[in-house]
Amino acid sequence: MLARSLRHRAPVLWLLLPFLAGLVAARILPRPVPIPPIAALALVCVLASLWPLRRPVPWAVSLCLGLFFAGACHYQVTRARMPEWDELPPRQTELCLRVERVFAPKPGSKTISGLASVTEASEAVGEIRGQRVYFSLRPSRGTTLPLRSEELGCVGILESLPPNADTATFAGFLANSGVNFRFTRGRVLRRVREPTAYRQFCDRALHRFSSILNAGLEDRPELSAISRGMLLGEVGELTAEQNALFLQSGTLHLFSVSGLHIAAIAVALHFAFGILRLPRWPKFAVSLAALWLYVDITGASPSAVRAFWMVLLVEAAYALRRPINPVATLGLSALVALVANPFQLFGASFQMSYGIVAGLLLLGLPLAERWQDKTALFSEVPKVTWAWWQHALVWCQRAIAGSLGIGVATGLVGDIAGVLYFQLFTPGALAANLVLIPLSSFALWSGFLSLIAGLAGGIWLSAVFNHAAALILFAIQEAIRLCVAMPGAFVRGQFTTVSLGFGAFAGLVALFLYGYSTRWELRRGGYWPPFAWTALALTVAVRYGAKN
């Protein structure tokens, strides 16, 4: 009998995969291709796919080519980079910046940095109006961090970023984020426009949330910092030792707002509004509005926004009373995210988020079901005759087999991505995450209840929930400390070339898709190809002992 996790179809992949390939092709080309011919090719191919054809092959080829050229065209249009900018020398200029994102300042730093869009520029560089820039500014004395939507008049050094910078550098991160310019050594001259009322509300709410989560933990600032990092994304307050511990153990994702956290909050909201017996559509609207408000208050990081889109699709399926197709939901959310911002594709956050979820859905769940069936207890005894201890043993067996299947599958992605992006191979991450992910969920729910109690005026109850979360976080931190201290818990290493690392990552995801499409049949390789591919990549293409 076909496993339940293998019954899903995802026609949206016919749109996503060629569109994604077009984005990659446009990114790696040394010179941008003129937009009109690409747009014309995309239009012709898409129209050809709409022509009533009786043969599936010409239809598939024309559709894929149309989406491929559409992806390449979308990248070029969104990047909006002029070739002459490559020769633009650094110059001092005055700009008006609308703040889009502010990075957490380092302790003791006297500058603020982030991403902004240029609203006004001097005549010499007037063509950069509307461009996104990275800024590093020294604020006026006594001023606070700027808020999103705030406009600042600044003077500083403007320089063009290389279009294809090394992905391991900060310039590469900016280029992969669609940023063409860097504005550094700047100084704030004036405040052109105040932030919108909504952004001011979000800032006040963030400070209110932070004070609630700190209630009762004033004497344990290190645990309070972890709690606020998990719930509010304030990872800048983690100490250097904590950052090193979480990175070396492969558990850093537990302590910043990401898909895991948004999913946990979504489950809590769904459960809470279910208790209130809200009708179906009001519950859908209110829960999503509350979830988006939480995402926006905590900074609307790209990973949190992507997770919100996935939750929206799942909640829509519940509201419409349609069966949930997780594979199609994953593909559709990725397509929506890339249409909204194609540069996400080239960031570590997007690749790791969707790679891990793809591994979970395409390999982890089928493998978990197979291991659960192969290790089933009392399969020859009628279930109605089981004693309580037999039910308990079967529950433990299924939980362990299921967790191992999912953990091993997602661990493959983490192994390659960890070496590619962090130059760390963490073989102990699988065992650590199997134990710590459930524990971190309890800490998240404790923090969520603390926020609810604090907003309702019960700050004493918030302190109780904060202490419960702190107890869990202390156990997590000490467990990680013991894990990292074990020999072989992490090994420094890096791919011999960056292209080999990206090739290994893309090949692993391709094997996930191939195996799922063949239902992991043994005559077509079974479950072994992804494991063999990962072992080959980590053995042949990685140089160990390399320093960061």
# chains A, B, ... in the order shown; residues from 1 in each chain; ligands from 1
$ residues_around --residues "Ala304 in chain A" --least-positions-apart "2" --cutoff "9 Å" --atoms "only C-alpha atoms" --output "ChimeraX atom specification"
/A:257-259,261-262,295-296,299-302,306-309
$ write_last_selection --atoms "N, CA and C atoms" --output "PDB file, in the first residue's frame"
ATOM      1  N   VAL A 257      14.207  34.157  15.106  1.00  0.00           N
ATOM      2  CA  VAL A 257      12.868  33.989  14.558  1.00  0.00           C
ATOM      3  C   VAL A 257      12.968  33.379  13.158  1.00  0.00           C
ATOM      4  N   SER A 258      12.382  32.200  12.970  1.00  0.00           N
ATOM      5  CA  SER A 258      12.459  31.495  11.699  1.00  0.00           C
ATOM      6  C   SER A 258      11.176  30.691  11.520  1.00  0.00           C
ATOM      7  N   GLY A 259      11.215  29.783  10.547  1.00  0.00           N
ATOM      8  CA  GLY A 259      10.017  29.002  10.251  1.00  0.00           C
ATOM      9  C   GLY A 259       9.536  28.180  11.426  1.00  0.00           C
ATOM     10  N   HIS A 261       9.743  28.882  14.596  1.00  0.00           N
ATOM     11  CA  HIS A 261       9.093  29.743  15.572  1.00  0.00           C
ATOM     12  C   HIS A 261       7.727  30.212  15.076  1.00  0.00           C
ATOM     13  N   ILE A 262       7.654  30.587  13.794  1.00  0.00           N
ATOM     14  CA  ILE A 262       6.373  31.020  13.252  1.00  0.00           C
ATOM     15  C   ILE A 262       5.369  29.876  13.275  1.00  0.00           C
ATOM     16  N   VAL A 295       4.883  38.867  13.141  1.00  0.00           N
ATOM     17  CA  VAL A 295       6.003  38.833  12.194  1.00  0.00           C
ATOM     18  C   VAL A 295       6.538  40.242  11.948  1.00  0.00           C
ATOM     19  N   ASP A 296       5.638  41.207  11.753  1.00  0.00           N
ATOM     20  CA  ASP A 296       6.055  42.569  11.434  1.00  0.00           C
ATOM     21  C   ASP A 296       6.681  43.255  12.644  1.00  0.00           C
ATOM     22  N   GLY A 299      10.317  42.380  13.169  1.00  0.00           N
ATOM     23  CA  GLY A 299      11.275  42.788  12.140  1.00  0.00           C
ATOM     24  C   GLY A 299      10.996  42.293  10.755  1.00  0.00           C
ATOM     25  N   ALA A 300      10.019  41.401  10.585  1.00  0.00           N
ATOM     26  CA  ALA A 300       9.655  40.876   9.267  1.00  0.00           C
ATOM     27  C   ALA A 300      10.882  40.355   8.529  1.00  0.00           C
ATOM     28  N   SER A 301      11.664  39.510   9.189  1.00  0.00           N
ATOM     29  CA  SER A 301      12.816  38.904   8.522  1.00  0.00           C
ATOM     30  C   SER A 301      12.332  38.038   7.370  1.00  0.00           C
ATOM     31  N   PRO A 302      13.140  37.880   6.314  1.00  0.00           N
ATOM     32  CA  PRO A 302      12.687  37.089   5.157  1.00  0.00           C
ATOM     33  C   PRO A 302      12.239  35.679   5.522  1.00  0.00           C
ATOM     34  N   ARG A 306       8.486  34.205   4.837  1.00  0.00           N
ATOM     35  CA  ARG A 306       8.253  32.973   4.061  1.00  0.00           C
ATOM     36  C   ARG A 306       7.434  31.977   4.865  1.00  0.00           C
ATOM     37  N   ALA A 307       7.749  31.850   6.148  1.00  0.00           N
ATOM     38  CA  ALA A 307       6.979  30.941   6.991  1.00  0.00           C
ATOM     39  C   ALA A 307       5.526  31.398   7.092  1.00  0.00           C
ATOM     40  N   PHE A 308       5.320  32.707   7.144  1.00  0.00           N
ATOM     41  CA  PHE A 308       3.948  33.222   7.195  1.00  0.00           C
ATOM     42  C   PHE A 308       3.171  32.823   5.948  1.00  0.00           C
ATOM     43  N   TRP A 309       3.802  32.901   4.766  1.00  0.00           N
ATOM     44  CA  TRP A 309       3.117  32.504   3.537  1.00  0.00           C
ATOM     45  C   TRP A 309       2.709  31.027   3.580  1.00  0.00           C
TER      46      TRP A 309
END
$ select_by_dssp --residues "range 306-494 of chain A" --states "strand (DSSP E or B)" --output "number ranges by chain"
A: 424-425, 491-494
$ write_last_selection --atoms "N, CA and C atoms" --output "CSV table (one decimal), in the first residue's frame"
chain,number,residue,atom,x,y,z
A,424,LEU,N,31.5,24.7,8.9
A,424,LEU,CA,31.5,23.8,10.0
A,424,LEU,C,30.7,22.5,9.6
A,425,PHE,N,31.3,21.4,9.9
A,425,PHE,CA,30.6,20.1,9.8
A,425,PHE,C,30.3,19.6,11.2
A,491,VAL,N,33.6,19.9,13.3
A,491,VAL,CA,34.9,19.9,12.6
A,491,VAL,C,34.9,21.0,11.6
A,492,ARG,N,35.9,21.8,11.6
A,492,ARG,CA,36.0,22.9,10.6
A,492,ARG,C,36.4,22.4,9.2
A,493,GLY,N,35.7,22.9,8.3
A,493,GLY,CA,36.0,22.5,6.9
A,493,GLY,C,35.3,23.4,5.9
A,494,GLN,N,35.7,23.4,4.7
A,494,GLN,CA,35.0,24.2,3.6
A,494,GLN,C,35.2,23.5,2.3
$ residues_around --residues "Glu159 in chain A" --least-positions-apart "2" --cutoff "10 Å" --atoms "only C-alpha atoms" --output "VMD selection string"
chain A and resid 85 to 92 133 156 to 157 161 to 162 180 to 184
$ atom_distance --atom1 "CA of His207 in chain A" --atom2 "CA of Ala264 in chain A"
21.7 Å
$ residues_around --residues "range 311-321 of chain A" --least-positions-apart "4" --cutoff "10 Å" --atoms "only C-alpha atoms" --output "list in words"
Gly259, Ile262, Ala263, Ala266, Val267, His270, Pro279, Arg280, Trp281, Pro282, Lys283, Phe284, Ala285, Ser287, Leu288, Leu291, Trp292, Val305, Arg306, Ala307, Asn325, Pro326, Ala328, Thr329, Leu330, Leu332 and Ser333 of chain A
$ write_last_selection --atoms "C-alpha atoms" --output "PDB file, in the first residue's frame"
ATOM      1  CA  GLY A 259      10.017  29.002  10.251  1.00  0.00           C
ATOM      2  CA  ILE A 262       6.373  31.020  13.252  1.00  0.00           C
ATOM      3  CA  ALA A 263       4.928  27.511  13.011  1.00  0.00           C
ATOM      4  CA  ALA A 266       0.704  29.645  14.505  1.00  0.00           C
ATOM      5  CA  VAL A 267      -0.169  26.386  16.285  1.00  0.00           C
ATOM      6  CA  HIS A 270      -4.903  28.152  16.075  1.00  0.00           C
ATOM      7  CA  PRO A 279     -16.440  30.612  13.378  1.00  0.00           C
ATOM      8  CA  ARG A 280     -14.279  29.275  10.591  1.00  0.00           C
ATOM      9  CA  TRP A 281     -13.678  32.424   8.537  1.00  0.00           C
ATOM     10  CA  PRO A 282     -13.343  34.876  11.457  1.00  0.00           C
ATOM     11  CA  LYS A 283     -10.816  32.483  13.006  1.00  0.00           C
ATOM     12  CA  PHE A 284      -8.908  32.398   9.709  1.00  0.00           C
ATOM     13  CA  ALA A 285      -8.826  36.210   9.426  1.00  0.00           C
ATOM     14  CA  SER A 287      -5.348  34.319  13.471  1.00  0.00           C
ATOM     15  CA  LEU A 288      -3.529  35.389  10.298  1.00  0.00           C
ATOM     16  CA  LEU A 291       0.400  36.209  13.173  1.00  0.00           C
ATOM     17  CA  TRP A 292       1.360  38.854  10.606  1.00  0.00           C
ATOM     18  CA  VAL A 305       7.742  36.190   6.048  1.00  0.00           C
ATOM     19  CA  ARG A 306       8.253  32.973   4.061  1.00  0.00           C
ATOM     20  CA  ALA A 307       6.979  30.941   6.991  1.00  0.00           C
ATOM     21  CA  ASN A 325      -0.957  19.077   0.216  1.00  0.00           C
ATOM     22  CA  PRO A 326       2.314  20.016   1.935  1.00  0.00           C
ATOM     23  CA  ALA A 328       2.292  21.785  -3.303  1.00  0.00           C
ATOM     24  CA  THR A 329       2.120  24.289  -0.429  1.00  0.00           C
ATOM     25  CA  LEU A 330       5.914  24.351  -0.220  1.00  0.00           C
ATOM     26  CA  LEU A 332       3.600  27.592  -4.159  1.00  0.00           C
ATOM     27  CA  SER A 333       5.038  29.514  -1.208  1.00  0.00           C
TER      28      SER A 333
END
$ select_by_dssp --residues "range 326-523 of chain A" --states "alpha helix (DSSP H)" --output "PyMOL selection string"
chain A and resi 326-340+348-359+365-374+388-422+429-455+459-485+498-517
$ residues_around --residues "Phe465 in chain A" --least-positions-apart "6" --cutoff "9 Å" --atoms "only C-alpha atoms" --output "list in words"
Leu213, Ser446, Gly447, Phe448, Leu449, Ser450 and Ala453 of chain A
$ residues_around --residues "Arg190 in chain A" --least-positions-apart "6" --cutoff "8 Å" --atoms "only C-alpha atoms" --output "PyMOL selection string"
chain A and resi 152-154
$ write_last_selection --atoms "C-alpha atoms" --output "mmCIF file, in the first residue's frame"
data_model
loop_
_atom_site.group_PDB
_atom_site.id
_atom_site.type_symbol
_atom_site.label_atom_id
_atom_site.label_comp_id
_atom_site.auth_asym_id
_atom_site.auth_seq_id
_atom_site.Cartn_x
_atom_site.Cartn_y
_atom_site.Cartn_z
ATOM 1 C CA LEU A 152 17.013 60.556 6.818
ATOM 2 C CA GLY A 153 19.137 63.153 5.058
ATOM 3 C CA CYS A 154 22.729 61.918 5.127
#
$ closest_residue --among "A:Glu521, A:Glu218, A:Glu127, A:Glu94" --to "Ala470 in chain A" --atoms "only C-alpha atoms"
A:Glu218
$ residues_around --residues "Pro83 in chain A" --least-positions-apart "6" --cutoff "12 Å" --atoms "only C-alpha atoms" --output "VMD selection string"
chain A and resid 30 to 34 76 160 to 163 180
$ closest_residue --among "A:Phe512, A:Tyr421, A:Phe495, A:Phe531" --to "Ile356 in chain A" --atoms "only C-alpha atoms"
A:Phe512
$ closest_residue --among "A:Leu338, A:Ala537, A:Ala417, A:Leu137" --to "Leu500 in chain A" --atoms "only C-alpha atoms"
A:Ala537
$ closest_residue --among "A:Phe201, A:Tyr354, A:Trp389, A:Phe442" --to "Ser227 in chain A" --atoms "only C-alpha atoms"
A:Phe442
$ atom_distance --atom1 "CA of Val357 in chain A" --atom2 "CA of Leu404 in chain A"
15.2 Å
$ atom_distance --atom1 "CA of Leu232 in chain A" --atom2 "CA of Arg208 in chain A"
11.0 Å
$ closest_residue --among "A:Cys483, A:Ala215, A:Leu361, A:Leu147" --to "Arg199 in chain A" --atoms "only C-alpha atoms"
A:Leu147
